[in-house]
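Engineer: If you scroll down you'll find the structure; I have some questions about it.
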Amino acid sequence: AAKGSGRNRYTLHDEAHSESIRRRLQLKAALPDAILQGELSLHYQPQIDLNTEEQVGSEALVRWHHPTLGILMPGEFIELAEEAGLMRHLGRWVLGEVMRRVALTGRRGVGARGVIWMNTSASELDDPDFAVGVEKALSQHGVPGSALGFEITESVLMTNLGRARGNLALLRSLGVQLAIDDFGTGYSSLSYIGQFPVDTIKIDSSFIAGLDSPARRRESFAVITAVISLAHSLGLTVVAEGIETQTQSMILHGLGCDQGQGYFFGKPRASGT
Ligand code: C2E
Ligand code: MG
Ligand code: MG
Ligand code: MG
């Protein structure tokens, strides 16, 4: 019986696997049209100053409204878009959408709620025209660079820093803010922080979740404390990602963390900011 159920499990697993491959192929094939046909949208999640509890910015997060599969999250399609060579296209769409929004709502709306942050991919940072495109979009819409920020994951920054440097330098000269996203999950060590041309460090949500886990509390405290200390000594702003409880928020505030983002303050919403 043990043998039989083992085989059954194997078969089920096999079918689930080929089903997921089918779905990936289906999504990959549908992506180019999805962008063109307006099936993507942005949700915005607030970022809060932990001292004043005021909103100081928001992060734009892409969603795909698939005609038959419903709302798809970026975790399912960003990697596919990268594989399909569509990330530059997707990134330009995100930027255009954000610029349209800033221009529409102006100072009374989004602008008044601070910086709008976008996520960037490896292929965008590798694109020699990336920052020039941002510069053009800003001047076209009459928006100051300080209204925008770009988040770059630690691993992308580590492996592409050489090629990304020109883009990052131009963005900074425009007043655009730069952040390291998901900090602590990659291979970079604390000693590297000072070498990245960034203004902000976003501590990965796994460390925030760790504050509530008896097994990981000590380690999470240690990492968060060290990151805040080094970041502040370098003049960088620290944001904690994935804050889900008031306790986490209070602990982070007590540790000197500058800003927070997470379900406790607000989920990403279509009309958000
Ligand atoms: P990220 O940039 O680290 O974004 C934070 C993710 O955590 C978002 O997931 C957000 O919805 C989720 N989150 C926020 N607060 C909480 C919380 O309190 N608890 C939990 N459990 N989750 C929380 P989302 O929207 O699914 O995005 C996933 C990732 O996809 C992003 O991670 C980012 O790396 C990528 N992504 C999203 N939009 C874009 C985009 O326009 N361009 C690129 N290149 N990547 C994007
Ligand atoms: Mg991000
Ligand atoms: Mg993140
Ligand atoms: Mg993350």
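Labels for the structure tokens follow display order: chains A, B, ..., residues from 1 in each chain, ligands from 1.
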Please tabulate, as JSON lines, the residues of chain A that come within 10 Å of ligand 2, each with its closest pair of atoms and the distance in Å to one decimal, counting only C-alpha atoms and all ligand atoms and ordering rows by chain, then residue number upward.
Structural biologist:
```
{"residue": "A:Glu59", "atom": "CA", "partner": "ligand 2", "partner_atom_place_in_ligand_line": "1 (Mg)", "distance": 6.8}
{"residue": "A:Ala60", "atom": "CA", "partner": "ligand 2", "partner_atom_place_in_ligand_line": "1 (Mg)", "distance": 8.1}
{"residue": "A:Leu61", "atom": "CA", "partner": "ligand 2", "partner_atom_place_in_ligand_line": "1 (Mg)", "distance": 7.8}
{"residue": "A:Trp117", "atom": "CA", "partner": "ligand 2", "partner_atom_place_in_ligand_line": "1 (Mg)", "distance": 7.7}
{"residue": "A:Met118", "atom": "CA", "partner": "ligand 2", "partner_atom_place_in_ligand_line": "1 (Mg)", "distance": 6.9}
{"residue": "A:Asn119", "atom": "CA", "partner": "ligand 2", "partner_atom_place_in_ligand_line": "1 (Mg)", "distance": 5.2}
{"residue": "A:Thr120", "atom": "CA", "partner": "ligand 2", "partner_atom_place_in_ligand_line": "1 (Mg)", "distance": 8.3}
{"residue": "A:Phe150", "atom": "CA", "partner": "ligand 2", "partner_atom_place_in_ligand_line": "1 (Mg)", "distance": 8.4}
{"residue": "A:Glu151", "atom": "CA", "partner": "ligand 2", "partner_atom_place_in_ligand_line": "1 (Mg)", "distance": 5.6}
{"residue": "A:Ile152", "atom": "CA", "partner": "ligand 2", "partner_atom_place_in_ligand_line": "1 (Mg)", "distance": 7.4}
{"residue": "A:Thr153", "atom": "CA", "partner": "ligand 2", "partner_atom_place_in_ligand_line": "1 (Mg)", "distance": 7.6}
{"residue": "A:Ala179", "atom": "CA", "partner": "ligand 2", "partner_atom_place_in_ligand_line": "1 (Mg)", "distance": 8.7}
{"residue": "A:Ile180", "atom": "CA", "partner": "ligand 2", "partner_atom_place_in_ligand_line": "1 (Mg)", "distance": 8.6}
{"residue": "A:Asp181", "atom": "CA", "partner": "ligand 2", "partner_atom_place_in_ligand_line": "1 (Mg)", "distance": 5.5}
{"residue": "A:Asp182", "atom": "CA", "partner": "ligand 2", "partner_atom_place_in_ligand_line": "1 (Mg)", "distance": 7.3}
{"residue": "A:Lys202", "atom": "CA", "partner": "ligand 2", "partner_atom_place_in_ligand_line": "1 (Mg)", "distance": 8.2}
{"residue": "A:Asp204", "atom": "CA", "partner": "ligand 2", "partner_atom_place_in_ligand_line": "1 (Mg)", "distance": 9.5}
{"residue": "A:Glu241", "atom": "CA", "partner": "ligand 2", "partner_atom_place_in_ligand_line": "1 (Mg)", "distance": 8.7}
```
Engineer: Store the residues picked out above, limited to all heavy atoms, as a CSV table (one decimal), in the first residue's frame.
Structural biologist:
```
chain,number,residue,atom,x,y,z
A,59,GLU,N,4.1,52.8,-3.1
A,59,GLU,CA,4.8,51.9,-4.0
A,59,GLU,C,3.8,51.4,-5.1
A,59,GLU,O,2.7,50.9,-4.7
A,59,GLU,CB,5.5,50.7,-3.3
A,59,GLU,CG,6.1,49.7,-4.3
A,59,GLU,CD,6.9,48.6,-3.6
A,59,GLU,OE1,6.8,48.5,-2.4
A,59,GLU,OE2,7.6,47.8,-4.3
A,60,ALA,N,4.2,51.6,-6.3
A,60,ALA,CA,3.3,51.1,-7.4
A,60,ALA,C,3.6,49.6,-7.7
A,60,ALA,O,4.8,49.2,-7.8
A,60,ALA,CB,3.6,51.9,-8.7
A,61,LEU,N,2.6,48.8,-7.7
A,61,LEU,CA,2.7,47.3,-7.8
A,61,LEU,C,1.8,46.9,-8.9
A,61,LEU,O,0.6,47.1,-8.9
A,61,LEU,CB,2.4,46.6,-6.5
A,61,LEU,CG,3.4,46.9,-5.4
A,61,LEU,CD1,2.7,46.7,-4.0
A,61,LEU,CD2,4.7,46.1,-5.5
A,117,TRP,N,7.1,55.2,-5.7
A,117,TRP,CA,8.2,54.3,-6.0
A,117,TRP,C,7.8,53.3,-7.0
A,117,TRP,O,6.7,52.7,-6.9
A,117,TRP,CB,8.6,53.6,-4.7
A,117,TRP,CG,9.2,54.5,-3.7
A,117,TRP,CD1,8.6,55.3,-2.7
A,117,TRP,CD2,10.6,54.8,-3.5
A,117,TRP,NE1,9.5,56.0,-2.0
A,117,TRP,CE2,10.8,55.7,-2.4
A,117,TRP,CE3,11.8,54.4,-4.2
A,117,TRP,CZ2,12.0,56.2,-2.0
A,117,TRP,CZ3,13.0,54.8,-3.8
A,117,TRP,CH2,13.1,55.8,-2.7
A,118,MET,N,8.7,52.9,-7.9
A,118,MET,CA,8.5,51.9,-8.9
A,118,MET,C,9.6,50.8,-8.7
A,118,MET,O,10.7,51.1,-8.2
A,118,MET,CB,8.6,52.4,-10.3
A,118,MET,CG,7.3,53.2,-10.7
A,118,MET,SD,7.7,54.3,-12.1
A,118,MET,CE,8.5,55.7,-11.3
A,119,ASN,N,9.2,49.6,-9.1
A,119,ASN,CA,10.2,48.5,-9.0
A,119,ASN,C,10.9,48.4,-10.4
A,119,ASN,O,10.3,48.7,-11.4
A,119,ASN,CB,9.5,47.2,-8.7
A,119,ASN,CG,9.0,47.2,-7.3
A,119,ASN,OD1,9.8,47.0,-6.3
A,119,ASN,ND2,7.7,47.4,-7.1
A,120,THR,N,12.2,48.1,-10.4
A,120,THR,CA,12.9,48.0,-11.6
A,120,THR,C,13.4,46.5,-11.8
A,120,THR,O,13.6,45.8,-10.8
A,120,THR,CB,14.1,48.9,-11.7
A,120,THR,OG1,14.8,48.8,-10.5
A,120,THR,CG2,13.7,50.3,-11.9
A,150,PHE,N,13.0,54.8,-7.5
A,150,PHE,CA,13.1,53.5,-8.1
A,150,PHE,C,13.7,52.5,-7.1
A,150,PHE,O,14.7,52.8,-6.4
A,150,PHE,CB,13.9,53.5,-9.4
A,150,PHE,CG,13.2,54.1,-10.6
A,150,PHE,CD1,13.5,55.4,-10.9
A,150,PHE,CD2,12.3,53.4,-11.3
A,150,PHE,CE1,12.8,56.0,-12.0
A,150,PHE,CE2,11.6,53.9,-12.4
A,150,PHE,CZ,11.9,55.3,-12.7
A,151,GLU,N,13.0,51.3,-7.0
A,151,GLU,CA,13.5,50.3,-6.1
A,151,GLU,C,14.2,49.2,-6.9
A,151,GLU,O,13.8,48.8,-7.9
A,151,GLU,CB,12.3,49.6,-5.3
A,151,GLU,CG,11.5,50.6,-4.5
A,151,GLU,CD,10.4,50.0,-3.7
A,151,GLU,OE1,10.3,48.7,-3.8
A,151,GLU,OE2,9.7,50.7,-3.0
A,152,ILE,N,15.4,48.8,-6.4
A,152,ILE,CA,16.2,47.8,-7.1
A,152,ILE,C,16.5,46.7,-6.1
A,152,ILE,O,17.0,47.0,-5.0
A,152,ILE,CB,17.5,48.5,-7.6
A,152,ILE,CG1,17.2,49.8,-8.4
A,152,ILE,CG2,18.4,47.5,-8.4
A,152,ILE,CD1,18.4,50.7,-8.5
A,153,THR,N,16.3,45.5,-6.5
A,153,THR,CA,16.6,44.5,-5.5
A,153,THR,C,18.1,44.3,-5.4
A,153,THR,O,18.8,44.6,-6.3
A,153,THR,CB,16.0,43.1,-5.9
A,153,THR,OG1,16.5,42.7,-7.1
A,153,THR,CG2,14.5,43.2,-5.9
A,179,ALA,N,16.3,53.2,-4.1
A,179,ALA,CA,16.3,52.3,-2.9
A,179,ALA,C,16.8,50.9,-3.2
A,179,ALA,O,16.6,50.4,-4.3
A,179,ALA,CB,14.9,52.2,-2.3
A,180,ILE,N,17.4,50.3,-2.2
A,180,ILE,CA,17.7,48.8,-2.3
A,180,ILE,C,16.5,48.1,-1.7
A,180,ILE,O,16.1,48.3,-0.6
A,180,ILE,CB,18.9,48.4,-1.6
A,180,ILE,CG1,20.1,49.2,-2.1
A,180,ILE,CG2,19.2,46.9,-1.7
A,180,ILE,CD1,21.5,48.8,-1.5
A,181,ASP,N,15.8,47.2,-2.6
A,181,ASP,CA,14.6,46.5,-2.2
A,181,ASP,C,15.0,45.2,-1.6
A,181,ASP,O,16.1,44.6,-1.9
A,181,ASP,CB,13.8,46.3,-3.4
A,181,ASP,CG,12.3,46.1,-3.1
A,181,ASP,OD1,12.0,46.0,-1.9
A,181,ASP,OD2,11.5,46.1,-4.0
A,182,ASP,N,14.2,44.6,-0.7
A,182,ASP,CA,14.4,43.3,-0.2
A,182,ASP,C,15.7,43.1,0.5
A,182,ASP,O,16.4,42.0,0.4
A,182,ASP,CB,14.2,42.2,-1.3
A,182,ASP,CG,12.9,42.3,-2.0
A,182,ASP,OD1,12.0,42.9,-1.5
A,182,ASP,OD2,12.7,41.7,-3.1
A,202,LYS,N,15.4,49.2,2.0
A,202,LYS,CA,14.2,48.6,2.4
A,202,LYS,C,14.5,47.2,3.0
A,202,LYS,O,14.9,46.3,2.3
A,202,LYS,CB,13.2,48.4,1.3
A,202,LYS,CG,12.8,49.8,0.7
A,202,LYS,CD,11.7,49.6,-0.4
A,202,LYS,CE,10.3,49.4,0.2
A,202,LYS,NZ,9.2,49.4,-0.8
A,204,ASP,N,13.9,43.6,4.1
A,204,ASP,CA,13.0,42.6,3.6
A,204,ASP,C,12.0,42.2,4.7
A,204,ASP,O,12.3,42.0,5.9
A,204,ASP,CB,13.8,41.4,3.1
A,204,ASP,CG,12.8,40.4,2.4
A,204,ASP,OD1,12.4,40.8,1.3
A,204,ASP,OD2,12.6,39.3,2.9
A,241,GLU,N,9.6,46.6,5.4
A,241,GLU,CA,8.6,46.1,4.5
A,241,GLU,C,7.8,45.0,5.2
A,241,GLU,O,8.3,44.3,6.1
A,241,GLU,CB,9.2,45.4,3.3
A,241,GLU,CG,10.0,46.2,2.4
A,241,GLU,CD,10.3,45.4,1.1
A,241,GLU,OE1,11.3,44.6,1.1
A,241,GLU,OE2,9.5,45.5,0.2
```
Engineer: Show me which residues sit within 6 Å of ligand 1 when counting only C-alpha atoms and all ligand atoms, and put them as a PyMOL selection string.
Structural biologist: chain A and resi 61-62+73-75+94+119-121+182+242-244+262-263+268
Engineer: Could you save those same residues with N, CA, C and O atoms as a PDB file, in the first residue's frame?
Structural biologist:
```pdb
ATOM      1  N   LEU A  61       2.573  48.761  -7.659  1.00  0.00           N
ATOM      2  CA  LEU A  61       2.721  47.314  -7.829  1.00  0.00           C
ATOM      3  C   LEU A  61       1.784  46.860  -8.949  1.00  0.00           C
ATOM      4  O   LEU A  61       0.584  47.149  -8.922  1.00  0.00           O
ATOM      5  N   VAL A  62       2.343  46.154  -9.916  1.00  0.00           N
ATOM      6  CA  VAL A  62       1.568  45.831 -11.115  1.00  0.00           C
ATOM      7  C   VAL A  62       0.673  44.604 -10.907  1.00  0.00           C
ATOM      8  O   VAL A  62       1.033  43.678 -10.179  1.00  0.00           O
ATOM      9  N   MET A  73      -0.966  38.002  -9.904  1.00  0.00           N
ATOM     10  CA  MET A  73       0.000  38.793  -9.141  1.00  0.00           C
ATOM     11  C   MET A  73       1.368  38.773  -9.837  1.00  0.00           C
ATOM     12  O   MET A  73       1.688  37.830 -10.558  1.00  0.00           O
ATOM     13  N   PRO A  74       2.177  39.799  -9.592  1.00  0.00           N
ATOM     14  CA  PRO A  74       3.473  39.884 -10.286  1.00  0.00           C
ATOM     15  C   PRO A  74       4.366  38.673 -10.033  1.00  0.00           C
ATOM     16  O   PRO A  74       5.177  38.324 -10.891  1.00  0.00           O
ATOM     17  N   GLY A  75       4.209  38.036  -8.875  1.00  0.00           N
ATOM     18  CA  GLY A  75       5.009  36.851  -8.597  1.00  0.00           C
ATOM     19  C   GLY A  75       4.837  35.785  -9.659  1.00  0.00           C
ATOM     20  O   GLY A  75       5.725  34.957  -9.869  1.00  0.00           O
ATOM     21  N   VAL A  94       4.717  51.013 -16.950  1.00  0.00           N
ATOM     22  CA  VAL A  94       4.569  51.403 -15.537  1.00  0.00           C
ATOM     23  C   VAL A  94       4.915  52.889 -15.371  1.00  0.00           C
ATOM     24  O   VAL A  94       4.165  53.657 -14.763  1.00  0.00           O
ATOM     25  N   ASN A 119       9.229  49.578  -9.053  1.00  0.00           N
ATOM     26  CA  ASN A 119      10.229  48.515  -9.020  1.00  0.00           C
ATOM     27  C   ASN A 119      10.915  48.424 -10.371  1.00  0.00           C
ATOM     28  O   ASN A 119      10.298  48.656 -11.411  1.00  0.00           O
ATOM     29  N   THR A 120      12.176  48.098 -10.360  1.00  0.00           N
ATOM     30  CA  THR A 120      12.906  47.962 -11.622  1.00  0.00           C
ATOM     31  C   THR A 120      13.436  46.544 -11.764  1.00  0.00           C
ATOM     32  O   THR A 120      13.641  45.839 -10.789  1.00  0.00           O
ATOM     33  N   SER A 121      13.655  46.155 -12.995  1.00  0.00           N
ATOM     34  CA  SER A 121      14.166  44.818 -13.283  1.00  0.00           C
ATOM     35  C   SER A 121      15.588  44.929 -13.818  1.00  0.00           C
ATOM     36  O   SER A 121      16.049  46.007 -14.194  1.00  0.00           O
ATOM     37  N   ASP A 182      14.188  44.615  -0.727  1.00  0.00           N
ATOM     38  CA  ASP A 182      14.367  43.262  -0.175  1.00  0.00           C
ATOM     39  C   ASP A 182      15.734  43.100   0.476  1.00  0.00           C
ATOM     40  O   ASP A 182      16.352  42.029   0.366  1.00  0.00           O
ATOM     41  N   GLY A 242       6.482  44.917   4.874  1.00  0.00           N
ATOM     42  CA  GLY A 242       5.670  43.802   5.364  1.00  0.00           C
ATOM     43  C   GLY A 242       5.274  43.917   6.818  1.00  0.00           C
ATOM     44  O   GLY A 242       5.149  42.919   7.518  1.00  0.00           O
ATOM     45  N   ILE A 243       5.056  45.161   7.305  1.00  0.00           N
ATOM     46  CA  ILE A 243       4.575  45.332   8.687  1.00  0.00           C
ATOM     47  C   ILE A 243       3.091  44.953   8.741  1.00  0.00           C
ATOM     48  O   ILE A 243       2.273  45.552   8.047  1.00  0.00           O
ATOM     49  N   GLU A 244       2.777  43.941   9.530  1.00  0.00           N
ATOM     50  CA  GLU A 244       1.398  43.453   9.585  1.00  0.00           C
ATOM     51  C   GLU A 244       0.726  43.720  10.924  1.00  0.00           C
ATOM     52  O   GLU A 244      -0.492  43.589  11.034  1.00  0.00           O
ATOM     53  N   GLY A 262       3.206  48.087   4.822  1.00  0.00           N
ATOM     54  CA  GLY A 262       2.668  46.760   5.087  1.00  0.00           C
ATOM     55  C   GLY A 262       1.172  46.809   5.329  1.00  0.00           C
ATOM     56  O   GLY A 262       0.579  47.885   5.410  1.00  0.00           O
ATOM     57  N   TYR A 263       0.570  45.618   5.433  1.00  0.00           N
ATOM     58  CA  TYR A 263      -0.878  45.516   5.566  1.00  0.00           C
ATOM     59  C   TYR A 263      -1.392  46.271   6.794  1.00  0.00           C
ATOM     60  O   TYR A 263      -2.533  46.722   6.814  1.00  0.00           O
ATOM     61  N   PRO A 268      -2.023  47.225  -0.864  1.00  0.00           N
ATOM     62  CA  PRO A 268      -1.994  47.881  -2.176  1.00  0.00           C
ATOM     63  C   PRO A 268      -3.426  47.983  -2.711  1.00  0.00           C
ATOM     64  O   PRO A 268      -4.179  47.014  -2.632  1.00  0.00           O
TER      65      PRO A 268
END
```
Engineer: Give me, please, the distance in Å between CA of Phe207 (chain A) and CA of Ser220 (chain A), quoted to one decimal.
Structural biologist: 5.0 Å
Engineer: Mind pulling up the distance from CA of Gly256 (chain A) to CA of Leu236 (chain A)?
Structural biologist: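 Going from CA of Leu236 (chain A) over to CA of Gly256 (chain A), I get 12.3 Å.
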Engineer: Show me, as a list of chain:residue names, the residues that have an atom within 7 Å of Gly175 (chain A) when counting only C-alpha atoms, minus same-chain residues fewer than 4 positions from it.
Structural biologist: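 In the requested format, the answer is A:Gly145, A:Ser146, A:Leu171.
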Engineer: Could you write out that same residue set with all heavy atoms as a short mmCIF file (atom, residue, chain, number, x, y, z; two decimals), in the first residue's frame?
Structural biologist:
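And here's again28.cif as it stands now:
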```cif
data_model
loop_
_atom_site.label_atom_id
_atom_site.label_comp_id
_atom_site.auth_asym_id
_atom_site.auth_seq_id
_atom_site.Cartn_x
_atom_site.Cartn_y
_atom_site.Cartn_z
N GLY A 145 11.90 65.38 -10.64
CA GLY A 145 12.45 64.05 -10.37
C GLY A 145 12.19 63.59 -8.95
O GLY A 145 12.04 62.40 -8.69
N SER A 146 12.11 64.56 -8.04
CA SER A 146 11.93 64.21 -6.62
C SER A 146 10.58 63.56 -6.34
O SER A 146 10.35 63.05 -5.25
CB SER A 146 12.08 65.46 -5.75
OG SER A 146 11.15 66.45 -6.16
N LEU A 171 19.90 59.28 -12.92
CA LEU A 171 18.66 59.37 -12.13
C LEU A 171 18.88 60.24 -10.90
O LEU A 171 18.07 61.11 -10.58
CB LEU A 171 18.17 57.98 -11.72
CG LEU A 171 17.61 57.12 -12.86
CD1 LEU A 171 17.32 55.69 -12.37
CD2 LEU A 171 16.33 57.74 -13.44
#
```
Engineer: Just checking: using only C-alpha atoms and all ligand atoms, which residue out of A:Leu174, A:Val115, A:Ile203, A:Ala147 ends up closest to ligand 3?
Structural biologist: A:Ile203
Engineer: What does the structure give for the distance between CA of His89 (chain A) and CA of Gln47 (chain A), in Å to one decimal?
Structural biologist: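 These atoms are spaced 26.6 Å apart.
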Engineer: Considering only C-alpha atoms and all ligand atoms, can you say which of A:Asp14, A:Gly186, A:Asp199, A:Asp33 comes closest to ligand 3?
Structural biologist: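 Looking at the shortest contact to ligand 3, the residue is A:Gly186.
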Engineer: Ranking A:Thr52, A:Arg88, A:Val98, A:Gln45 by minimum distance to ligand 3 and counting only C-alpha atoms and all ligand atoms, which one comes first?
Structural biologist: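 The closest residue to ligand 3 is A:Gln45.
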Engineer: Can you list, as an NGL selection string, every protein, DNA or RNA residue that comes within 12 Å of Leu40 (chain A) when you count only C-alpha atoms, leaving out same-chain residues fewer than 2 positions away?
Structural biologist: :A and (30-38 or 42-43 or 61-67 or 70-74 or 77-78 or 90-91 or 93-94 or 97 or 270)
Engineer: So that I can see what lies close to Arg92 (chain A), please list as a ChimeraX atom specification the residues with an atom at most 10 Å from it, counting only C-alpha atoms and leaving out residues fewer than 4 positions away in the same chain.
Structural biologist: /A:87-88,96-98,124,130,133-134,137
Engineer: Residues as selected, N, CA and C atoms, written as an mmCIF file, in the first residue's frame, can you do that?
Structural biologist:
```cif
data_model
loop_
_atom_site.group_PDB
_atom_site.id
_atom_site.type_symbol
_atom_site.label_atom_id
_atom_site.label_comp_id
_atom_site.auth_asym_id
_atom_site.auth_seq_id
_atom_site.Cartn_x
_atom_site.Cartn_y
_atom_site.Cartn_z
ATOM 1 N N MET A 87 10.404 42.997 -20.296
ATOM 2 C CA MET A 87 10.457 43.842 -19.099
ATOM 3 C C MET A 87 10.700 45.322 -19.389
ATOM 4 N N ARG A 88 11.469 45.605 -20.436
ATOM 5 C CA ARG A 88 11.674 47.034 -20.742
ATOM 6 C C ARG A 88 10.346 47.662 -21.145
ATOM 7 N N GLY A 96 4.929 55.282 -17.597
ATOM 8 C CA GLY A 96 3.926 56.123 -18.254
ATOM 9 C C GLY A 96 2.677 56.260 -17.404
ATOM 10 N N GLU A 97 2.251 55.149 -16.834
ATOM 11 C CA GLU A 97 1.066 55.106 -15.985
ATOM 12 C C GLU A 97 1.262 55.991 -14.736
ATOM 13 N N VAL A 98 2.429 55.877 -14.113
ATOM 14 C CA VAL A 98 2.723 56.672 -12.914
ATOM 15 C C VAL A 98 2.778 58.158 -13.276
ATOM 16 N N GLU A 124 15.913 46.498 -17.321
ATOM 17 C CA GLU A 124 15.764 47.960 -17.388
ATOM 18 C C GLU A 124 17.061 48.656 -16.995
ATOM 19 N N PHE A 130 17.638 53.757 -20.249
ATOM 20 C CA PHE A 130 16.615 53.746 -19.190
ATOM 21 C C PHE A 130 16.467 55.121 -18.523
ATOM 22 N N GLY A 133 15.162 57.863 -20.692
ATOM 23 C CA GLY A 133 13.713 57.742 -20.861
ATOM 24 C C GLY A 133 12.960 58.370 -19.701
ATOM 25 N N VAL A 134 13.479 58.166 -18.482
ATOM 26 C CA VAL A 134 12.846 58.764 -17.301
ATOM 27 C C VAL A 134 12.953 60.288 -17.379
ATOM 28 N N ALA A 137 10.422 61.596 -19.813
ATOM 29 C CA ALA A 137 9.057 61.503 -19.276
ATOM 30 C C ALA A 137 8.801 62.615 -18.262
#
```
Engineer: Please return as JSON, numbers by chain: the residues of region 89-212 of chain A that backbone DSSP assigns to alpha helix (DSSP H).
Structural biologist: {"A": [89, 90, 91, 92, 93, 94, 95, 96, 97, 98, 99, 100, 101, 102, 103, 104, 105, 122, 123, 124, 125, 126, 130, 131, 132, 133, 134, 135, 136, 137, 138, 139, 140, 141, 154, 155, 156, 157, 158, 159, 160, 161, 162, 163, 164, 165, 166, 167, 168, 169, 170, 171, 172, 173, 205, 206, 207, 208, 209, 210]}
Engineer: Name the residues in contact with Ser249 (chain A) at a cut-off of 9 Å, using only C-alpha atoms, excluding same-chain residues fewer than 3 positions from it; report them as a ChimeraX atom specification.
Structural biologist: /A:50,240,243-246,252-254,260,264
Engineer: Check region 5-94 of chain A with DSSP on the backbone and list each residue it calls strand (DSSP E), as a short mmCIF file (atom, residue, chain, number, x, y, z; two decimals) with N, CA, C and O atoms, in the first residue's frame.
Structural biologist:
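Result saved to states.cif:
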```
data_model
loop_
_atom_site.label_atom_id
_atom_site.label_comp_id
_atom_site.auth_asym_id
_atom_site.auth_seq_id
_atom_site.Cartn_x
_atom_site.Cartn_y
_atom_site.Cartn_z
N LEU A 40 -3.14 45.34 -17.87
CA LEU A 40 -2.34 45.59 -16.66
C LEU A 40 -2.88 46.81 -15.93
O LEU A 40 -3.44 47.72 -16.53
N SER A 41 -2.71 46.80 -14.61
CA SER A 41 -3.03 48.00 -13.85
C SER A 41 -2.05 48.11 -12.69
O SER A 41 -1.35 47.15 -12.37
N LEU A 42 -2.01 49.29 -12.09
CA LEU A 42 -1.14 49.49 -10.93
C LEU A 42 -1.97 49.63 -9.67
O LEU A 42 -3.00 50.30 -9.66
N HIS A 43 -1.50 48.96 -8.62
CA HIS A 43 -2.04 49.19 -7.29
C HIS A 43 -0.98 49.98 -6.52
O HIS A 43 0.21 49.89 -6.84
N TYR A 44 -1.42 50.74 -5.54
CA TYR A 44 -0.49 51.58 -4.78
C TYR A 44 -0.59 51.25 -3.30
O TYR A 44 -1.70 51.16 -2.76
N GLN A 45 0.57 51.07 -2.67
CA GLN A 45 0.58 50.78 -1.23
C GLN A 45 1.27 51.93 -0.49
O GLN A 45 2.37 52.34 -0.87
N PRO A 46 0.62 52.45 0.57
CA PRO A 46 1.20 53.60 1.27
C PRO A 46 2.48 53.26 2.04
O PRO A 46 2.65 52.14 2.53
N GLN A 47 3.35 54.25 2.14
CA GLN A 47 4.55 54.18 2.99
C GLN A 47 4.40 55.25 4.06
O GLN A 47 4.06 56.39 3.75
N ILE A 48 4.64 54.86 5.31
CA ILE A 48 4.33 55.71 6.46
C ILE A 48 5.61 56.12 7.18
O ILE A 48 6.50 55.28 7.37
N ASP A 49 5.67 57.39 7.58
CA ASP A 49 6.75 57.85 8.45
C ASP A 49 6.44 57.36 9.86
O ASP A 49 5.38 57.70 10.41
N GLN A 55 1.61 59.63 5.81
CA GLN A 55 2.04 58.96 4.58
C GLN A 55 3.09 59.81 3.87
O GLN A 55 2.91 61.01 3.69
N VAL A 56 4.20 59.18 3.51
CA VAL A 56 5.28 59.93 2.86
C VAL A 56 5.53 59.43 1.44
O VAL A 56 6.35 59.99 0.72
N GLY A 57 4.84 58.38 1.05
CA GLY A 57 5.03 57.88 -0.30
C GLY A 57 4.15 56.68 -0.56
O GLY A 57 3.34 56.31 0.30
N SER A 58 4.30 56.11 -1.74
CA SER A 58 3.59 54.87 -2.04
C SER A 58 4.37 54.09 -3.08
O SER A 58 5.16 54.66 -3.84
N GLU A 59 4.15 52.78 -3.07
CA GLU A 59 4.83 51.91 -4.03
C GLU A 59 3.82 51.43 -5.06
O GLU A 59 2.74 50.95 -4.70
N ALA A 60 4.18 51.55 -6.33
CA ALA A 60 3.34 51.06 -7.42
C ALA A 60 3.63 49.59 -7.66
O ALA A 60 4.79 49.19 -7.81
N LEU A 61 2.57 48.76 -7.66
CA LEU A 61 2.72 47.31 -7.83
C LEU A 61 1.78 46.86 -8.95
O LEU A 61 0.58 47.15 -8.92
N VAL A 62 2.34 46.15 -9.92
CA VAL A 62 1.57 45.83 -11.12
C VAL A 62 0.67 44.60 -10.91
O VAL A 62 1.03 43.68 -10.18
N ARG A 63 -0.51 44.63 -11.51
CA ARG A 63 -1.44 43.49 -11.54
C ARG A 63 -1.88 43.26 -12.98
O ARG A 63 -1.96 44.20 -13.76
N TRP A 64 -2.20 41.99 -13.26
CA TRP A 64 -2.66 41.62 -14.60
C TRP A 64 -4.09 41.08 -14.50
O TRP A 64 -4.32 40.06 -13.86
N HIS A 65 -5.00 41.79 -15.11
CA HIS A 65 -6.40 41.35 -15.12
C HIS A 65 -6.59 40.46 -16.33
O HIS A 65 -6.93 40.94 -17.41
N HIS A 66 -6.39 39.16 -16.13
CA HIS A 66 -6.47 38.21 -17.24
C HIS A 66 -7.94 37.92 -17.55
O HIS A 66 -8.74 37.73 -16.64
N GLY A 70 -8.58 35.72 -14.21
CA GLY A 70 -8.77 36.67 -13.11
C GLY A 70 -7.51 37.48 -12.84
O GLY A 70 -6.65 37.61 -13.70
N ILE A 71 -7.42 38.03 -11.63
CA ILE A 71 -6.28 38.89 -11.30
C ILE A 71 -5.03 38.06 -11.02
O ILE A 71 -5.06 37.17 -10.16
N LEU A 72 -3.98 38.33 -11.74
CA LEU A 72 -2.71 37.62 -11.54
C LEU A 72 -1.73 38.56 -10.84
O LEU A 72 -1.66 39.76 -11.14
#
```
Engineer: Find the residues around Asn51 (chain A) up to 9 Å (only C-alpha atoms counted), leave out those fewer than 5 positions away in its own chain, and share them as an mmCIF file with C-alpha atoms, in the first residue's frame.
Structural biologist:
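So the final result, stored in part-v9.cif, reads:
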```cif
data_model
loop_
_atom_site.group_PDB
_atom_site.id
_atom_site.type_symbol
_atom_site.label_atom_id
_atom_site.label_comp_id
_atom_site.auth_asym_id
_atom_site.auth_seq_id
_atom_site.Cartn_x
_atom_site.Cartn_y
_atom_site.Cartn_z
ATOM 1 C CA HIS A 253 9.867 52.618 15.611
ATOM 2 C CA CYS A 257 13.468 52.631 11.691
ATOM 3 C CA ASP A 258 12.331 55.667 9.667
ATOM 4 C CA GLN A 259 9.451 54.380 7.582
#
```
